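File shown here: start-v9.txt, holding compact mmCIF, C-alpha atoms.
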```
# COMPACT_ATOMS: atom_id res chain seq x y z
CA MET A 1 30.48 23.73 3.25
CA SER A 2 28.38 25.54 5.85
CA PHE A 3 25.36 27.82 5.64
CA ASN A 4 27.70 30.77 6.07
CA ASP A 5 29.07 29.98 2.61
CA LEU A 6 25.72 30.26 0.80
CA GLY A 7 25.25 34.03 0.87
CA LEU A 8 22.47 34.05 3.45
CA SER A 9 22.00 36.86 5.96
CA ALA A 10 23.23 36.50 9.51
CA ALA A 11 19.63 36.34 10.80
CA LEU A 12 18.86 33.35 8.59
CA VAL A 13 22.08 31.52 9.47
CA ARG A 14 21.18 32.12 13.11
CA ALA A 15 17.71 30.62 12.59
CA VAL A 16 19.26 27.57 10.94
CA THR A 17 21.72 27.20 13.79
CA ASP A 18 18.87 27.50 16.29
CA GLN A 19 17.44 24.32 14.75
CA GLY A 20 20.73 22.47 15.21
CA TYR A 21 21.74 22.38 11.54
CA THR A 22 25.24 23.10 10.30
CA THR A 23 25.71 21.55 6.87
CA PRO A 24 23.39 22.08 3.87
CA THR A 25 22.03 19.14 1.91
CA PRO A 26 23.02 18.82 -1.76
CA VAL A 27 19.83 20.47 -2.99
CA GLN A 28 20.30 23.35 -0.56
CA ALA A 29 23.94 23.82 -1.48
CA GLN A 30 23.03 24.09 -5.16
CA ALA A 31 19.68 25.92 -5.00
CA ILE A 32 20.27 28.58 -2.33
CA PRO A 33 23.06 30.55 -4.09
CA ALA A 34 21.16 30.50 -7.42
CA ILE A 35 17.95 31.77 -5.79
CA VAL A 36 19.80 34.41 -3.78
CA GLU A 37 21.22 35.71 -7.07
CA GLY A 38 17.69 36.05 -8.45
CA SER A 39 17.69 33.21 -10.97
CA ASP A 40 14.61 31.22 -11.88
CA LEU A 41 15.13 27.61 -10.90
CA ILE A 42 13.90 24.09 -11.61
CA GLY A 43 14.61 21.76 -8.71
CA ILE A 44 14.16 18.02 -9.18
CA ALA A 45 14.15 16.64 -5.67
CA GLN A 46 11.96 14.35 -3.64
CA THR A 47 10.53 15.04 -0.22
CA GLY A 48 13.18 14.37 2.42
CA THR A 49 16.04 16.10 0.59
CA GLY A 50 15.69 19.43 2.39
CA LYS A 51 14.10 21.13 -0.61
CA THR A 52 11.67 23.20 1.46
CA ALA A 53 14.46 24.99 3.30
CA GLY A 54 16.25 25.08 -0.06
CA PHE A 55 13.75 27.64 -1.36
CA THR A 56 12.47 29.11 1.92
CA LEU A 57 15.82 30.42 3.14
CA PRO A 58 16.88 32.29 -0.03
CA MET A 59 13.33 33.57 -0.57
CA LEU A 60 13.38 35.12 2.91
CA HIS A 61 16.82 36.56 2.20
CA ARG A 62 15.64 38.29 -0.98
CA LEU A 63 12.49 39.64 0.66
CA MET A 64 14.60 41.34 3.30
CA GLU A 65 17.19 42.54 0.80
CA HIS A 66 14.63 44.21 -1.47
CA ARG A 67 12.05 45.66 0.90
CA PRO A 68 9.51 48.02 -0.73
CA GLU A 69 9.30 51.64 0.36
CA SER A 70 5.51 51.75 0.13
CA LYS A 71 3.36 51.31 3.21
CA GLY A 72 1.32 48.19 3.87
CA ARG A 73 2.15 44.55 3.44
CA PRO A 74 1.43 43.35 -0.10
CA VAL A 75 1.89 39.68 -0.88
CA ARG A 76 5.45 39.57 -2.18
CA ALA A 77 6.06 35.80 -2.18
CA LEU A 78 3.52 33.15 -3.15
CA ILE A 79 4.09 29.44 -2.55
CA LEU A 80 1.65 26.99 -4.18
CA THR A 81 1.37 23.46 -2.79
CA PRO A 82 -0.90 20.59 -3.84
CA THR A 83 -2.28 19.70 -0.42
CA ARG A 84 -3.34 21.24 2.87
CA GLU A 85 -0.85 19.27 4.94
CA LEU A 86 2.05 20.35 2.78
CA ALA A 87 0.87 23.98 2.87
CA ALA A 88 0.85 23.86 6.67
CA GLN A 89 4.32 22.33 6.77
CA VAL A 90 5.78 24.88 4.36
CA GLN A 91 4.24 27.65 6.46
CA GLU A 92 5.88 26.14 9.53
CA SER A 93 9.22 26.20 7.72
CA VAL A 94 8.72 29.85 6.74
CA LYS A 95 7.98 30.78 10.36
CA THR A 96 10.88 28.76 11.70
CA TYR A 97 13.53 30.24 9.43
CA GLY A 98 12.00 33.70 9.47
CA ASN A 99 11.95 33.74 13.26
CA HIS A 100 14.40 36.66 13.48
CA LEU A 101 12.89 38.63 10.59
CA PRO A 102 10.04 41.22 10.62
CA LEU A 103 8.09 39.37 7.95
CA LYS A 104 4.54 38.05 8.20
CA SER A 105 3.25 34.90 6.54
CA ALA A 106 -0.07 33.10 6.25
CA THR A 107 -1.46 29.91 4.79
CA ILE A 108 -4.81 29.49 3.03
CA PHE A 109 -6.41 26.22 1.97
CA GLY A 110 -9.81 24.63 1.65
CA GLY A 111 -11.71 22.65 4.24
CA VAL A 112 -11.88 25.59 6.65
CA GLY A 113 -13.81 28.86 6.68
CA MET A 114 -12.96 31.73 4.35
CA GLN A 115 -13.63 34.59 6.76
CA PRO A 116 -10.61 34.14 9.08
CA GLN A 117 -8.41 33.93 5.99
CA ILE A 118 -9.94 37.11 4.57
CA GLN A 119 -9.26 38.95 7.83
CA THR A 120 -5.64 37.76 7.83
CA LEU A 121 -5.15 38.89 4.24
CA ARG A 122 -6.64 42.30 5.03
CA ARG A 123 -4.10 42.82 7.78
CA GLY A 124 -1.38 42.17 5.24
CA VAL A 125 1.13 39.34 4.71
CA ASP A 126 4.50 39.26 3.01
CA ILE A 127 4.48 35.53 2.25
CA LEU A 128 1.40 33.51 1.30
CA VAL A 129 1.34 29.71 1.21
CA ALA A 130 -1.75 28.37 -0.57
CA THR A 131 -3.41 25.47 -2.31
CA PRO A 132 -4.61 26.38 -5.83
CA GLY A 133 -8.35 25.89 -5.33
CA ARG A 134 -8.73 28.07 -2.26
CA LEU A 135 -6.39 30.71 -3.70
CA LEU A 136 -8.65 31.00 -6.75
CA ASP A 137 -11.66 31.37 -4.44
CA HIS A 138 -9.99 34.41 -2.91
CA LEU A 139 -9.02 35.78 -6.32
CA ARG A 140 -12.61 35.49 -7.55
CA GLN A 141 -13.90 37.28 -4.45
CA GLY A 142 -11.25 39.96 -4.69
CA THR A 143 -9.92 39.21 -1.21
CA VAL A 144 -6.31 38.68 -2.27
CA ASP A 145 -4.07 40.85 -4.46
CA LEU A 146 -1.19 39.13 -6.23
CA SER A 147 -0.09 42.10 -8.33
CA ARG A 148 3.01 42.70 -6.17
CA VAL A 149 4.33 39.13 -6.09
CA GLU A 150 8.09 39.05 -6.58
CA THR A 151 8.70 35.32 -6.07
CA LEU A 152 6.40 32.48 -7.15
CA VAL A 153 7.14 28.95 -5.90
CA LEU A 154 5.44 25.81 -7.19
CA ASP A 155 6.20 23.01 -4.73
CA GLU A 156 5.59 19.40 -5.78
CA ALA A 157 4.51 20.59 -9.20
CA ASP A 158 4.24 17.02 -10.48
CA ARG A 159 1.62 16.23 -7.85
CA MET A 160 -0.32 19.40 -8.66
CA LEU A 161 -0.48 18.37 -12.31
CA ASP A 162 -1.50 14.85 -11.31
CA MET A 163 -4.32 16.25 -9.18
CA GLY A 164 -5.68 18.24 -12.12
CA PHE A 165 -4.54 21.71 -11.03
CA ILE A 166 -2.99 22.73 -14.37
CA HIS A 167 -5.82 25.15 -15.24
CA ASP A 168 -5.78 26.61 -11.73
CA ILE A 169 -2.02 27.12 -11.96
CA ARG A 170 -2.38 28.95 -15.24
CA LYS A 171 -5.00 31.25 -13.72
CA VAL A 172 -2.67 32.02 -10.83
CA ILE A 173 0.21 32.73 -13.20
CA ALA A 174 -2.02 35.18 -15.07
CA ALA A 175 -2.68 37.02 -11.79
CA VAL A 176 0.97 37.55 -10.81
CA PRO A 177 3.43 39.95 -12.49
CA LYS A 178 5.34 38.74 -15.53
CA GLN A 179 8.52 40.19 -14.05
CA ARG A 180 9.10 37.86 -11.12
CA GLN A 181 11.35 35.08 -9.89
CA THR A 182 9.83 31.64 -10.39
CA LEU A 183 10.95 28.48 -8.60
CA LEU A 184 9.53 25.10 -9.60
CA PHE A 185 10.18 21.98 -7.54
CA SER A 186 9.15 18.50 -8.59
CA ALA A 187 10.05 14.91 -7.77
CA THR A 188 10.10 14.09 -11.49
CA PHE A 189 11.00 15.89 -14.71
CA SER A 190 8.31 14.52 -16.99
CA ASP A 191 7.28 15.95 -20.34
CA GLU A 192 4.36 17.68 -18.59
CA ILE A 193 6.71 19.38 -16.13
CA ARG A 194 9.02 20.45 -18.99
CA LYS A 195 6.06 21.97 -20.81
CA LEU A 196 4.86 23.79 -17.69
CA ALA A 197 8.33 25.11 -16.91
CA GLY A 198 8.89 26.24 -20.47
CA GLY A 199 5.87 28.51 -20.31
CA MET A 200 6.58 30.22 -17.00
CA LEU A 201 10.33 30.27 -16.26
CA ARG A 202 13.02 32.45 -17.81
CA SER A 203 16.45 30.86 -18.43
CA PRO A 204 16.12 28.73 -15.28
CA GLN A 205 19.01 27.07 -13.53
CA HIS A 206 18.60 23.34 -12.97
CA VAL A 207 19.23 21.49 -9.72
CA GLU A 208 18.68 17.76 -9.53
CA VAL A 209 19.30 15.37 -6.66
CA GLU A 210 18.19 11.77 -6.13
CA ARG A 211 16.80 10.58 -9.37
CA LYS A 212 13.09 9.84 -9.40
CA ALA A 213 13.54 6.06 -9.52
CA SER A 214 15.85 5.92 -6.49
CA ALA A 215 14.48 4.66 -3.18
CA ALA A 216 16.31 5.46 0.03
CA GLU A 217 18.95 2.79 0.40
CA ILE A 218 18.64 2.83 4.16
CA VAL A 219 15.05 1.54 3.96
CA THR A 220 14.73 -2.24 4.25
CA GLN A 221 12.09 -3.36 1.75
CA THR A 222 10.18 -6.63 2.11
CA VAL A 223 7.24 -8.21 0.31
CA HIS A 224 4.97 -10.64 2.15
CA PRO A 225 2.94 -12.68 -0.37
CA VAL A 226 -0.55 -13.34 1.04
CA SER A 227 -4.06 -14.27 -0.06
CA ARG A 228 -6.27 -11.24 -0.63
CA GLY A 229 -8.63 -12.18 2.20
CA ASN A 230 -5.87 -12.56 4.79
CA LYS A 231 -4.23 -9.17 4.47
CA ARG A 232 -5.88 -7.62 7.52
CA ALA A 233 -5.05 -10.60 9.72
CA LEU A 234 -1.45 -10.58 8.52
CA LEU A 235 -1.10 -6.86 9.18
CA SER A 236 -2.44 -7.25 12.72
CA ASN A 237 -0.06 -10.15 13.28
CA LEU A 238 2.93 -8.14 12.11
CA ILE A 239 2.04 -5.18 14.32
CA GLY A 240 1.29 -7.28 17.37
CA GLU A 241 4.03 -9.91 17.12
CA GLY A 242 6.58 -7.38 15.99
CA GLY A 243 5.73 -4.92 18.74
CA TRP A 244 5.43 -2.11 16.18
CA LYS A 245 4.56 1.11 18.00
CA GLN A 246 4.22 3.56 15.09
CA VAL A 247 3.03 2.35 11.69
CA LEU A 248 1.98 4.31 8.60
CA VAL A 249 -0.24 2.15 6.37
CA PHE A 250 -1.19 2.97 2.78
CA THR A 251 -4.41 2.00 1.04
CA ARG A 252 -5.62 2.90 -2.45
CA THR A 253 -9.01 4.30 -1.52
CA LYS A 254 -10.57 6.61 1.04
CA HIS A 255 -13.20 4.05 2.01
CA GLY A 256 -10.50 1.40 2.26
CA ALA A 257 -8.56 3.58 4.70
CA ASP A 258 -11.63 4.08 6.93
CA ARG A 259 -12.54 0.40 6.79
CA LEU A 260 -9.03 -0.77 7.67
CA ALA A 261 -8.67 1.70 10.55
CA GLU A 262 -11.97 0.45 12.00
CA GLN A 263 -10.87 -3.18 11.66
CA LEU A 264 -7.51 -2.54 13.30
CA GLU A 265 -9.29 -0.83 16.20
CA LYS A 266 -11.31 -4.02 16.67
CA ASP A 267 -8.03 -5.93 16.70
CA GLY A 268 -6.87 -3.81 19.62
CA PHE A 269 -4.64 -1.28 17.87
CA SER A 270 -5.39 2.43 18.24
CA SER A 271 -5.85 3.63 14.65
CA SER A 272 -6.93 6.66 12.62
CA ALA A 273 -7.44 7.30 8.92
CA ILE A 274 -6.55 10.41 6.91
CA HIS A 275 -7.74 11.14 3.39
CA GLY A 276 -9.24 13.89 1.27
CA ASN A 277 -12.78 13.44 2.62
CA LYS A 278 -11.70 14.10 6.21
CA SER A 279 -12.03 17.63 7.54
CA GLN A 280 -8.82 19.53 8.02
CA GLY A 281 -9.34 19.47 11.77
CA ALA A 282 -9.78 15.69 11.83
CA ARG A 283 -6.66 15.18 9.74
CA THR A 284 -4.58 17.51 11.89
CA ARG A 285 -5.75 15.78 15.08
CA ALA A 286 -5.04 12.31 13.68
CA LEU A 287 -1.54 13.29 12.60
CA SER A 288 -0.80 14.98 15.92
CA GLN A 289 -1.99 11.96 17.90
CA PHE A 290 0.10 9.69 15.69
CA LYS A 291 3.22 11.75 16.24
CA GLN A 292 2.57 11.80 20.00
CA GLY A 293 2.17 8.02 20.12
CA ARG A 294 -1.48 8.18 21.14
CA VAL A 295 -2.42 6.55 17.82
CA ARG A 296 -0.42 3.47 16.92
CA VAL A 297 -1.51 3.04 13.30
CA LEU A 298 -2.20 5.83 10.80
CA VAL A 299 -3.95 4.63 7.63
CA ALA A 300 -3.62 7.00 4.70
CA THR A 301 -4.21 7.42 0.99
CA ASP A 302 -1.37 8.66 -1.20
CA ILE A 303 -2.60 12.21 -1.65
CA ALA A 304 -3.25 12.72 2.07
CA ALA A 305 0.18 11.40 3.03
CA ARG A 306 2.25 13.22 0.41
CA GLY A 307 4.57 15.58 2.22
CA LEU A 308 3.94 14.20 5.73
CA ASP A 309 7.02 14.81 7.80
CA ILE A 310 7.25 12.37 10.69
CA ASP A 311 10.59 12.11 12.46
CA GLN A 312 11.99 8.63 13.03
CA LEU A 313 9.01 6.78 11.56
CA PRO A 314 10.12 3.13 11.78
CA HIS A 315 7.50 1.29 9.69
CA VAL A 316 5.62 1.93 6.46
CA VAL A 317 3.21 -0.72 5.17
CA ASN A 318 1.80 -0.92 1.66
CA TYR A 319 -1.46 -2.64 2.53
CA GLU A 320 -2.26 -2.25 -1.15
CA LEU A 321 0.35 -1.47 -3.78
CA PRO A 322 -0.08 1.86 -5.56
CA ASN A 323 -1.37 1.98 -9.11
CA VAL A 324 1.72 3.85 -10.29
CA ALA A 325 5.21 2.63 -9.47
CA GLU A 326 6.62 6.09 -8.65
CA ASP A 327 4.13 6.41 -5.80
CA TYR A 328 5.79 3.42 -4.13
CA VAL A 329 9.00 5.44 -3.93
CA HIS A 330 7.13 8.37 -2.36
CA ARG A 331 5.46 6.05 0.14
CA ILE A 332 8.59 4.35 1.42
CA GLY A 333 10.28 7.74 1.60
CA ARG A 334 8.19 8.42 4.71
CA THR A 335 10.63 6.22 6.67
CA GLY A 336 14.40 5.87 6.81
CA ARG A 337 15.05 9.59 7.24
CA ALA A 338 17.88 11.47 8.85
CA GLY A 339 20.06 8.38 9.02
CA ASN A 340 17.43 6.42 10.94
CA GLU A 341 16.68 2.86 9.96
CA GLY A 342 13.34 2.28 8.33
CA LYS A 343 11.33 -0.70 7.15
CA ALA A 344 8.89 -0.78 4.25
CA VAL A 345 6.61 -3.82 4.12
CA SER A 346 4.26 -4.64 1.25
CA LEU A 347 1.38 -7.12 1.55
CA VAL A 348 0.95 -8.44 -1.96
CA CYS A 349 -1.82 -10.71 -3.22
CA VAL A 350 -2.07 -12.39 -6.61
CA ASP A 351 -4.05 -9.44 -8.01
CA GLU A 352 -1.07 -7.13 -7.51
CA LEU A 353 1.76 -9.14 -9.01
CA ASN A 354 1.90 -6.99 -12.14
CA LEU A 355 2.06 -3.85 -10.01
CA LEU A 356 4.94 -5.39 -8.06
CA LYS A 357 6.80 -6.17 -11.29
CA GLY A 358 6.43 -2.54 -12.35
CA ILE A 359 7.86 -1.33 -9.02
CA GLU A 360 10.81 -3.71 -9.30
CA ARG A 361 11.50 -2.50 -12.84
CA LEU A 362 11.49 1.09 -11.61
CA LEU A 363 13.88 0.25 -8.76
CA ASN A 364 15.96 -1.98 -11.04
CA ARG A 365 16.03 -4.63 -8.34
CA ASN A 366 14.00 -7.48 -6.92
CA ILE A 367 12.43 -6.87 -3.51
CA ASP A 368 12.99 -9.58 -0.92
CA LYS A 369 9.99 -11.95 -0.63
CA GLN A 370 9.16 -13.53 2.73
CA ILE A 371 6.14 -15.77 3.34
CA ILE A 372 4.88 -15.62 6.92
CA ALA A 373 3.97 -18.99 8.43
CA GLY A 374 0.22 -19.31 8.81
CA PHE A 375 -0.43 -16.69 6.13
CA GLU A 376 0.78 -18.51 3.05
CA PRO A 377 -0.95 -17.42 -0.17
CA ASP A 378 -3.40 -19.93 -1.63
CA PRO A 379 -1.75 -21.25 -4.82
CA ARG A 380 -5.23 -21.90 -6.27
CA GLU A 381 -6.28 -18.26 -5.96
CA LYS A 382 -6.76 -16.66 -9.37
CA PRO A 383 -5.98 -13.00 -10.04
CA GLU A 384 -8.92 -10.64 -10.29
CA PRO A 385 -8.76 -7.25 -12.03
CA LEU A 386 -8.17 -4.30 -9.71
CA PHE A 387 -10.05 -2.05 -12.13
CA LYS A 388 -12.74 -2.72 -14.64
CA LYS A 389 -14.78 -0.58 -16.99
CA PRO A 390 -18.32 -0.23 -15.67
CA LYS A 391 -21.28 -0.88 -17.89
CA GLY A 392 -22.25 2.08 -19.99
CA GLY A 393 -18.72 2.94 -21.11
CA GLY A 394 -17.75 5.08 -18.13
CA GLY A 395 -14.26 5.58 -16.81
CA ARG A 396 -12.28 3.19 -14.69
CA ARG A 397 -13.09 2.69 -11.05
CA PRO A 398 -11.92 0.20 -8.43
CA GLN A 399 -13.78 -3.06 -8.08
CA GLY A 400 -15.12 -4.12 -4.75
CA ASN A 401 -12.21 -6.45 -4.10
CA ASN A 402 -9.01 -4.50 -4.39
CA GLY A 403 -6.75 -6.69 -2.38
CA GLY A 404 -8.07 -5.52 0.95
CA GLY A 405 -10.63 -8.14 1.79
CA GLY A 406 -13.65 -6.58 0.11
CA GLN A 407 -12.90 -2.88 0.54
CA GLN A 408 -14.69 -0.59 -1.82
CA GLY A 409 -14.67 3.05 -2.70
CA ARG A 410 -13.57 5.54 -5.25
CA GLY A 411 -9.90 5.47 -6.10
CA ARG A 412 -7.91 8.51 -7.12
CA ARG A 413 -6.65 8.59 -10.62
CA PRO A 414 -3.06 7.35 -11.06
CA SER A 415 -0.26 9.85 -10.79
CA GLN A 416 2.74 10.41 -13.06
CA GLY A 417 5.32 9.64 -12.48
CA GLN A 418 16.07 13.98 7.76
CA ARG A 419 16.49 15.35 10.25
CA SER A 420 20.11 15.42 9.21
CA ALA A 421 22.85 17.91 9.28
CA ALA A 422 20.59 20.15 7.24
CA PRO A 423 17.13 21.70 7.51
CA GLY A 424 14.20 19.44 7.01
CA ARG A 425 11.61 18.96 4.43
CA GLY A 426 8.64 20.50 3.73
CA GLY A 427 0.10 17.39 1.91
CA ARG A 428 -4.64 18.55 1.31
```
Show me the file's structure as structure tokens.
Amino acid sequence: MSFNDLGLSAALVRAVTDQGYTTPTPVQAQAIPAIVEGSDLIGIAQTGTGKTAGFTLPMLHRLMEHRPESKGRPVRALILTPTRELAAQVQESVKTYGNHLPLKSATIFGGVGMQPQIQTLRRGVDILVATPGRLLDHLRQGTVDLSRVETLVLDEADRMLDMGFIHDIRKVIAAVPKQRQTLLFSATFSDEIRKLAGGMLRSPQHVEVERKASAAEIVTQTVHPVSRGNKRALLSNLIGEGGWKQVLVFTRTKHGADRLAEQLEKDGFSSSAIHGNKSQGARTRALSQFKQGRVRVLVATDIAARGLDIDQLPHVVNYELPNVAEDYVHRIGRTGRAGNEGKAVSLVCVDELNLLKGIERLLNRNIDKQIIAGFEPDPREKPEPLFKKPKGGGGRRPQGNNGGGGQQGRGRRPSQGQRSAAPGRGGR
């Protein structure tokens, strides 16, 4: 099957060909014809499956096929994403595949000024990519009109629910026409996603690829047992002795990411951290420098790294295991793309053994354990709770020692839940 077989216009097939793609991925082959026909759709697909092009291409096709006769450029397609990075990447996809079309697009998200966005919206856009919070800011100020939206896309809907955007999403849905095409994409099909879909989609078609518990088989996964206080030293040893040139490292907390990046710098490795407290400009610069090889180690939290698209990333390190097993799958999915080999390494102390068991249950396999000489875990070390209830009956928060040698900071609440022959994939 080729893109010529999916009902797309010649201009879109040309744009795909310009990018060197010839064969659609499974999610594209299933989703594109259904969307072109005008059906609502639920797509269960993880990042890396080509899902972004899977909705971008047919959306562009329909916008050109049903152009309004009225003057001006009302927002006709709205794409909601959970994070700024993902919004920027989806916008890039829209521009890439709409390169030969007379359509205008824009992206709006928080962390930057409102005024430039207001001016862009006043000039008119056909396609708007937005994060929920900033979109609601514009709605409240009357600087965006969604009354002409024909297609509504919710990308990574599971992550938006996890981040607490459900009320924002409902407000957005109330602002768009009831007669519209709605496309919902999620890595999981939880009860919450079913409930959300049931209230906003009409007789949707279902597309599902790569079940939520599946990790990319091409990724080599290894666990290095280590004492909690030796994690940083072990990580530096692995990077230095292994000659690793590009490493994405995950921590649980924002403060932990900053602390680890500073420590790795002292160890002689150029490092940057990205998380929700960083300005958009700082995050964009860090990611750009990482992709260019000017930064060797990028330390990230889960939310900041969701949706990051880095070609040929060879190494992902779980400096701290995630609180929720599904997030492990998302993390290691950053590597091993487009047929490239990838390695996922987890540094696991005694505090995290239960988390590791949960990940292995999800994967339905045991992950290879390798003890590194000189960094053997202390058999006398007793597990300490990663979370405890503070005095006064408040909610959970991370303790000072979370497996990272004394790192502290607020943790996010747990979540639920290639360059190949086809177009690529689509973070705050």
Subject >> For range 359-367 of chain A: contacts at 10 Å, all atoms listed in the file, fewer than 3 positions along chain excluded, given as a ChimeraX atom specification >> reply: /A:212-215,220-223,321-329,346,353-356,370
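Counting all atoms listed in the file, the residue from A:Thr49, A:Pro132, A:Phe250, A:Ile44 that sits nearest to Asp158 in chain A is A:Ile44.
For the pair CA of Leu235 in chain A and CA of Arg159 in chain A, the interatomic distance is 28.8 Å.
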**OP:** Might you pull out every residue within 6 Å of range 267-284 of chain A, with all atoms listed in the file counted and same-chain residues fewer than 5 positions away left off, and present them as number ranges by chain?
**Re:** A: 111, 254, 257-258, 261, 295-301, 304
**OP:** Tell me, in Å to one decimal, how far CA of Glu320 in chain A is from CA of Ala45 in chain A.
**Re:** 25.4 Å
Subject >> Top pick for closest residue to Leu238 in chain A, considering A:Met200, A:Leu12, A:Val317, A:Ile169 and counting only C-alpha atoms >> reply: A:Val317
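Atom pair CA of Ser105 in chain A / CA of Val149 in chain A has a distance of 13.4 Å (rounded to one decimal).
Here the question is which of A:Gly342, A:Val176, A:Thr17, A:Leu386 gets nearest to Ile79 in chain A using only C-alpha atoms, and that residue is A:Val176.
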When you look at Ala29 in chain A with a cut-off of 10 Å (counting only C-alpha atoms), what residues show up, excluding the ones that are within fewer than 6 positions of it in the same chain? I need them as a PDB file with C-alpha atoms, in the frame of the given file.
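Dumped to result-v3.pdb:
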```
ATOM      1  CA  MET A   1      30.480  23.730   3.250  1.00  0.00           C
ATOM      2  CA  SER A   2      28.380  25.540   5.850  1.00  0.00           C
ATOM      3  CA  PHE A   3      25.360  27.820   5.640  1.00  0.00           C
ATOM      4  CA  ASP A   5      29.070  29.980   2.610  1.00  0.00           C
ATOM      5  CA  LEU A   6      25.720  30.260   0.800  1.00  0.00           C
ATOM      6  CA  THR A  23      25.710  21.550   6.870  1.00  0.00           C
ATOM      7  CA  GLY A  54      16.250  25.080  -0.060  1.00  0.00           C
ATOM      8  CA  VAL A 207      19.230  21.490  -9.720  1.00  0.00           C
TER       9      VAL A 207
END
```
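With only C-alpha atoms as the atoms that count, the residue of A:Ser186, A:Asn318, A:Asn237, A:Thr253 with the shortest distance to Pro82 in chain A is A:Ser186.
Take the candidates A:Lys171, A:Arg194, A:Lys245, A:Arg67 and check each one against Gly293 in chain A using all atoms listed in the file; the shortest distance goes to A:Lys245.
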**OP:** Excluding Leu128 in chain A and residues on its chain fewer than 6 positions from it, collect all residues at most 8 Å away from it, counting all atoms listed in the file, and give them as a list of chain:residue names.
**Re:** A:Val75, A:Ala77, A:Leu78, A:Ile79, A:Ser105, A:Ala106, A:Thr107, A:Ile108
